[in-house]
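Text of work_30.cif, listed as mmCIF, C-alpha atoms:
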```cif
data_data
#
loop_
_atom_site.label_atom_id
_atom_site.label_comp_id
_atom_site.auth_asym_id
_atom_site.auth_seq_id
_atom_site.Cartn_x
_atom_site.Cartn_y
_atom_site.Cartn_z
CA MET A 1 25.69 1.94 -9.60
CA ALA A 2 24.45 5.24 -8.17
CA ASP A 3 20.75 6.04 -8.27
CA ILE A 4 20.72 9.27 -10.28
CA TRP A 5 17.02 9.84 -9.48
CA ALA A 6 17.29 9.36 -5.69
CA LEU A 7 16.52 13.03 -4.98
CA TYR A 8 13.10 12.64 -6.56
CA ARG A 9 12.10 9.71 -4.38
CA TRP A 10 11.40 12.23 -1.61
CA GLN A 11 7.75 13.19 -1.86
CA PRO A 12 7.23 16.98 -1.69
CA ALA A 13 3.81 17.14 -0.02
CA PHE A 14 1.49 15.47 2.46
CA VAL A 15 -1.27 13.14 1.31
CA LEU A 16 -4.44 12.07 3.07
CA GLY A 17 -4.83 8.34 3.53
CA PHE A 18 -7.95 6.47 4.64
CA HIS A 19 -8.11 3.10 6.36
CA GLY A 20 -11.34 1.11 6.58
CA THR A 21 -11.88 -0.70 9.86
CA ASP A 22 -14.24 -1.10 12.83
CA LEU A 23 -15.54 2.02 14.60
CA GLN A 24 -13.93 0.94 17.88
CA VAL A 25 -10.53 0.81 16.18
CA VAL A 26 -11.11 4.30 14.76
CA LYS A 27 -12.01 5.66 18.21
CA SER A 28 -8.98 3.98 19.78
CA VAL A 29 -6.53 5.30 17.16
CA VAL A 30 -7.90 8.86 17.26
CA ALA A 31 -7.87 8.87 21.09
CA ALA A 32 -4.37 7.35 21.36
CA PRO A 33 -2.55 8.07 18.07
CA GLN A 34 0.79 6.94 19.48
CA LYS A 35 -0.53 3.37 19.35
CA GLY A 36 -1.51 3.68 15.70
CA LEU A 37 -2.73 0.98 13.36
CA SER A 38 -1.26 -2.50 13.13
CA LYS A 39 0.90 -3.40 10.14
CA SER A 40 -0.39 -5.95 7.65
CA GLU A 41 2.19 -8.69 7.23
CA SER A 42 0.39 -11.35 5.19
CA LYS A 43 2.36 -12.96 2.36
CA THR A 44 -0.27 -11.69 -0.12
CA GLU A 45 -0.05 -7.95 0.61
CA TRP A 46 0.00 -6.02 -2.67
CA LEU A 47 2.79 -3.62 -1.68
CA GLY A 48 4.60 -5.67 0.94
CA HIS A 49 4.32 -5.32 4.69
CA GLY A 50 3.08 -2.12 6.30
CA VAL A 51 0.00 -0.08 7.19
CA TYR A 52 -2.32 0.36 4.19
CA PHE A 53 -4.32 3.40 3.14
CA TRP A 54 -6.50 4.39 0.20
CA GLU A 55 -5.04 7.68 -1.04
CA ASN A 56 -7.63 10.50 -0.87
CA ASP A 57 -10.59 8.08 -0.92
CA PRO A 58 -12.58 7.74 2.34
CA ALA A 59 -15.56 6.29 0.44
CA ARG A 60 -13.49 3.38 -0.84
CA ALA A 61 -12.08 2.76 2.64
CA LEU A 62 -15.62 2.64 4.06
CA ASP A 63 -16.72 0.29 1.27
CA TRP A 64 -13.76 -1.97 2.11
CA ALA A 65 -14.80 -2.13 5.77
CA ALA A 66 -18.52 -2.52 5.03
CA ASN A 67 -18.01 -5.43 2.65
CA GLY A 68 -16.01 -7.51 5.10
CA LYS A 69 -12.64 -7.32 3.39
CA THR A 70 -10.65 -6.17 6.41
CA LYS A 71 -8.52 -8.65 8.31
CA GLY A 72 -10.13 -7.97 11.68
CA LYS A 73 -13.77 -8.31 12.70
CA VAL A 74 -15.94 -5.32 11.78
CA ASP A 75 -19.18 -4.73 13.70
CA GLU A 76 -19.57 -1.08 12.72
CA PRO A 77 -17.78 -0.18 9.48
CA SER A 78 -15.90 3.09 9.77
CA VAL A 79 -12.88 5.00 8.49
CA VAL A 80 -9.86 6.58 10.08
CA GLY A 81 -7.93 9.22 8.16
CA ALA A 82 -4.23 9.90 8.40
CA ILE A 83 -2.06 12.86 7.46
CA ILE A 84 0.87 11.21 5.74
CA ASP A 85 4.33 12.35 4.73
CA LEU A 86 5.39 9.62 2.29
CA GLY A 87 9.04 10.49 2.92
CA TYR A 88 11.50 8.41 0.94
CA CYS A 89 8.99 6.64 -1.28
CA LEU A 90 9.11 3.73 -3.70
CA ASP A 91 6.59 5.23 -6.12
CA LEU A 92 5.26 2.84 -8.75
CA THR A 93 3.81 5.69 -10.79
CA THR A 94 7.39 6.45 -11.88
CA ILE A 95 9.70 4.69 -14.35
CA SER A 96 12.54 4.60 -11.82
CA GLY A 97 10.32 2.95 -9.20
CA LEU A 98 9.01 0.38 -11.66
CA GLU A 99 12.51 -0.42 -12.92
CA GLU A 100 13.70 -1.04 -9.36
CA VAL A 101 10.82 -3.45 -8.75
CA LYS A 102 11.55 -5.25 -12.03
CA LEU A 103 15.21 -5.63 -11.06
CA ALA A 104 14.17 -6.98 -7.65
CA PHE A 105 11.94 -9.52 -9.40
CA GLU A 106 14.76 -10.66 -11.68
CA THR A 107 17.12 -11.06 -8.74
CA LEU A 108 14.51 -12.96 -6.73
CA ARG A 109 13.66 -15.17 -9.72
CA ASP A 110 17.33 -16.06 -10.22
CA THR A 111 17.73 -16.81 -6.51
CA TYR A 112 14.73 -19.15 -6.53
CA HIS A 113 15.94 -20.80 -9.74
CA GLN A 114 19.40 -21.44 -8.35
CA ALA A 115 17.85 -23.00 -5.24
CA GLY A 116 15.55 -25.18 -7.33
CA LEU A 117 12.45 -23.50 -5.88
CA GLU A 118 9.27 -22.33 -7.54
CA LEU A 119 8.43 -18.64 -7.32
CA PRO A 120 5.26 -17.61 -5.46
CA LYS A 121 2.32 -16.76 -7.71
CA ASN A 122 -0.29 -14.01 -7.87
CA THR A 123 -3.78 -15.50 -7.94
CA GLY A 124 -7.38 -14.35 -7.63
CA GLY A 125 -8.76 -13.64 -11.09
CA LYS A 126 -7.96 -10.85 -13.53
CA ASP A 127 -7.24 -8.39 -10.70
CA ARG A 128 -4.84 -10.87 -9.03
CA LEU A 129 -6.27 -10.08 -5.62
CA ARG A 130 -3.90 -12.48 -3.80
CA ARG A 131 -0.47 -11.08 -4.63
CA GLU A 132 1.99 -13.51 -3.13
CA LEU A 133 4.55 -12.91 -5.89
CA ASP A 134 4.30 -9.11 -5.72
CA CYS A 135 4.60 -9.17 -1.94
CA ALA A 136 7.71 -11.38 -2.14
CA VAL A 137 9.27 -9.06 -4.74
CA ILE A 138 8.65 -5.90 -2.69
CA GLN A 139 9.94 -7.52 0.51
CA ALA A 140 13.02 -8.76 -1.37
CA LEU A 141 13.59 -5.24 -2.74
CA HIS A 142 13.64 -3.84 0.80
CA GLN A 143 16.11 -6.52 1.90
CA TYR A 144 18.38 -5.94 -1.11
CA ARG A 145 18.58 -2.26 -0.21
CA ILE A 146 19.55 -3.13 3.36
CA ASP A 147 22.17 -5.60 2.11
CA ARG A 148 23.68 -2.96 -0.18
CA GLY A 149 23.68 -0.18 2.41
CA LEU A 150 21.11 1.88 0.49
CA PRO A 151 18.56 4.09 2.27
CA ALA A 152 15.43 2.24 3.37
CA TYR A 153 12.09 3.27 1.93
CA ASP A 154 9.56 4.86 4.28
CA SER A 155 6.59 4.02 2.06
CA VAL A 156 5.40 2.40 -1.14
CA ARG A 157 2.79 3.98 -3.43
CA ALA A 158 1.07 2.45 -6.46
CA PRO A 159 -1.96 2.80 -8.73
CA PHE A 160 -4.17 -0.24 -9.26
CA PRO A 161 -6.75 -0.82 -12.00
CA GLU A 162 -9.50 -2.96 -10.53
CA ALA A 163 -12.92 -4.44 -11.38
CA ASN A 164 -14.91 -4.13 -14.61
CA ASP A 165 -14.70 -1.40 -17.23
CA LEU A 166 -16.35 1.80 -16.02
CA TYR A 167 -18.45 1.84 -19.21
CA GLU A 168 -18.34 0.04 -22.53
CA ALA A 169 -14.93 0.25 -24.22
CA SER A 170 -13.66 2.37 -21.33
CA GLY A 171 -10.00 2.74 -20.50
CA PHE A 172 -11.05 3.21 -16.86
CA ARG A 173 -12.00 0.51 -14.38
CA ALA A 174 -14.79 0.81 -11.81
CA LYS A 175 -12.51 0.53 -8.79
CA ASN A 176 -9.27 2.16 -9.92
CA HIS A 177 -7.38 3.47 -6.91
CA ILE A 178 -4.05 4.51 -5.45
CA GLN A 179 -2.82 2.62 -2.43
CA VAL A 180 -0.06 3.60 -0.07
CA CYS A 181 1.75 1.23 2.24
CA ILE A 182 3.48 2.92 5.16
CA ILE A 183 6.54 1.11 6.45
CA ASN A 184 8.08 3.76 8.69
CA THR A 185 4.95 4.76 10.63
CA LYS A 186 6.79 6.93 13.16
CA ARG A 187 8.25 9.11 10.43
CA CYS A 188 5.37 9.16 7.97
CA ILE A 189 2.13 9.38 9.94
CA LYS A 190 1.74 12.89 11.32
CA GLY A 191 -1.73 12.43 12.81
CA TYR A 192 -5.02 10.55 12.68
CA PHE A 193 -8.53 11.97 12.35
CA LYS A 194 -12.16 10.92 11.93
CA PRO A 195 -13.29 12.07 8.48
CA ILE A 196 -16.20 14.47 8.20
CA GLN A 197 -19.16 13.09 6.27
CA LEU A 198 -21.06 15.89 4.54
CA LEU A 199 -24.85 15.74 4.73
CA THR A 200 -26.61 16.17 1.39
CA GLY A 201 -30.19 16.70 0.29
#
```
Any chance you could put this one into structure tokens?
Amino acid sequence: MADIWALYRWQPAFVLGFHGTDLQVVKSVVAAPQKGLSKSESKTEWLGHGVYFWENDPARALDWAANGKTKGKVDEPSVVGAIIDLGYCLDLTTISGLEEVKLAFETLRDTYHQAGLELPKNTGGKDRLRRELDCAVIQALHQYRIDRGLPAYDSVRAPFPEANDLYEASGFRAKNHIQVCIINTKRCIKGYFKPIQLLTG
């Protein structure tokens, strides 16, 4: 069946992404952008395998690095920014993107069931910080597209509610964010930069 919304999977503008890491990594990437950042390929990645960025949020990227949540060692927490063209994007802020992920889950579930296997699980509290199931679903979605001769996605983008309510009875959470996962780094990442920190007071 044809994807009648395929035209709208192309993102019309650049976004700024921010990656929290060690200062030496930032210096290396800015000095030699052709080397770029390494892809995350753990089985618990929220949006599958790729290079991860906080969309438009350098403060959150720095917090991530400062609180020891990066995969590599961090001696001096820092942030590298990237100018990103999301290209052909699996966007989970859209109904069509969410429906495709749901279909991928159903196909993966049936495949596991037929093989007598148990599906991976998301774990890690109410925020499900270890997303083994979601990662498996997204990776399966990419493979299904390849198998069917459909265009590969360059990136994945999704909003995430996270942490406690921002205030009592709030509909907002204290660490809500948008994450982007870049798969096709050569096409999507147009340049790296060291963010400017404004002095106040």
Neighbour list for His19 in chain A as a PyMOL selection string, cut-off 12 Å, only C-alpha atoms, skip fewer than 4 positions in-chain: chain A and resi 23+25-26+29+36-40+51-66+69-71+77-83+179-182+192-195
Ranking A:Thr185, A:Gln139, A:Thr93, A:Asn164 by minimum distance to Lys35 in chain A and counting all atoms listed in the file, which one comes first?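 Among the listed residues, the smallest separation from Lys35 in chain A belongs to A:Thr185.
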A:Tyr153, A:Gly48, A:His177, A:Asp91 ranked by distance to Phe18 in chain A, top pick (using only C-alpha atoms): A:His177
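Distance-wise, CA of Gln114 in chain A and CA of Glu41 in chain A end up 26.5 Å apart.
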Determine the residue membership of the PyMOL selection byres ((chain A and resi 7) around 12) for the file above and supply it as a PyMOL selection string. chain A and resi 2-6+8-12+87-90+96+151
May I ask which of the residues A:Ile95, A:Ile189, A:Ala115, A:Leu86 is the closest one to Val156 in chain A, counting only C-alpha atoms?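 Using only C-alpha atoms, the shortest distance to Val156 in chain A belongs to A:Leu86.
Using only C-alpha atoms, the smallest distance between any of A:Ser170, A:Arg131, A:Leu141, A:Ser28 and Glu99 in chain A comes from A:Leu141.
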In Å to one decimal, how far is CA of Asn184 in chain A from CA of Val74 in chain A?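 Distance reported for this atom pair: 25.9 Å.
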Since I can't run it myself right now, could you work out what the PyMOL selection byres ((chain A and resi 103-111) around 8) selects here and report it as a list of chain:residue names? A:Glu99, A:Glu100, A:Val101, A:Lys102, A:Tyr112, A:His113, A:Gln114, A:Ala115, A:Leu119, A:Val137, A:Ile138, A:Ala140, A:Leu141, A:Tyr144
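Atom pair CA of Pro159 in chain A / CA of Cys188 in chain A has a distance of 19.3 Å (rounded to one decimal).
Taken over the shown file, the PyMOL selection byres ((chain A and resi 122) around 7) identifies Lys121, Thr123, Arg128, Arg130, Arg131, Glu132 and Leu133 of chain A.
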Put those residues in a file: C-alpha atoms, as a PDB file, keeping the file's coordinate frame.
```pdb
ATOM      1  CA  LYS A 121       2.320 -16.760  -7.710  1.00  0.00           C
ATOM      2  CA  THR A 123      -3.780 -15.500  -7.940  1.00  0.00           C
ATOM      3  CA  ARG A 128      -4.840 -10.870  -9.030  1.00  0.00           C
ATOM      4  CA  ARG A 130      -3.900 -12.480  -3.800  1.00  0.00           C
ATOM      5  CA  ARG A 131      -0.470 -11.080  -4.630  1.00  0.00           C
ATOM      6  CA  GLU A 132       1.990 -13.510  -3.130  1.00  0.00           C
ATOM      7  CA  LEU A 133       4.550 -12.910  -5.890  1.00  0.00           C
TER       8      LEU A 133
END
```
From the set A:Val30, A:Ile196, A:Leu150, A:Ile178, which residue has the shortest atom-to-atom contact distance to Leu47 in chain A, counting only C-alpha atoms? A:Ile178
Range 166-177 of chain A: axis-aligned bounding box, 6 Å on each side, centre and edge lengths in Å, one decimal, as AutoDock Vina command-line options:
```
--center_x -12.9 --center_y 1.8 --center_z -15.6 --size_x 23.1 --size_y 15.4 --size_z 29.3
```
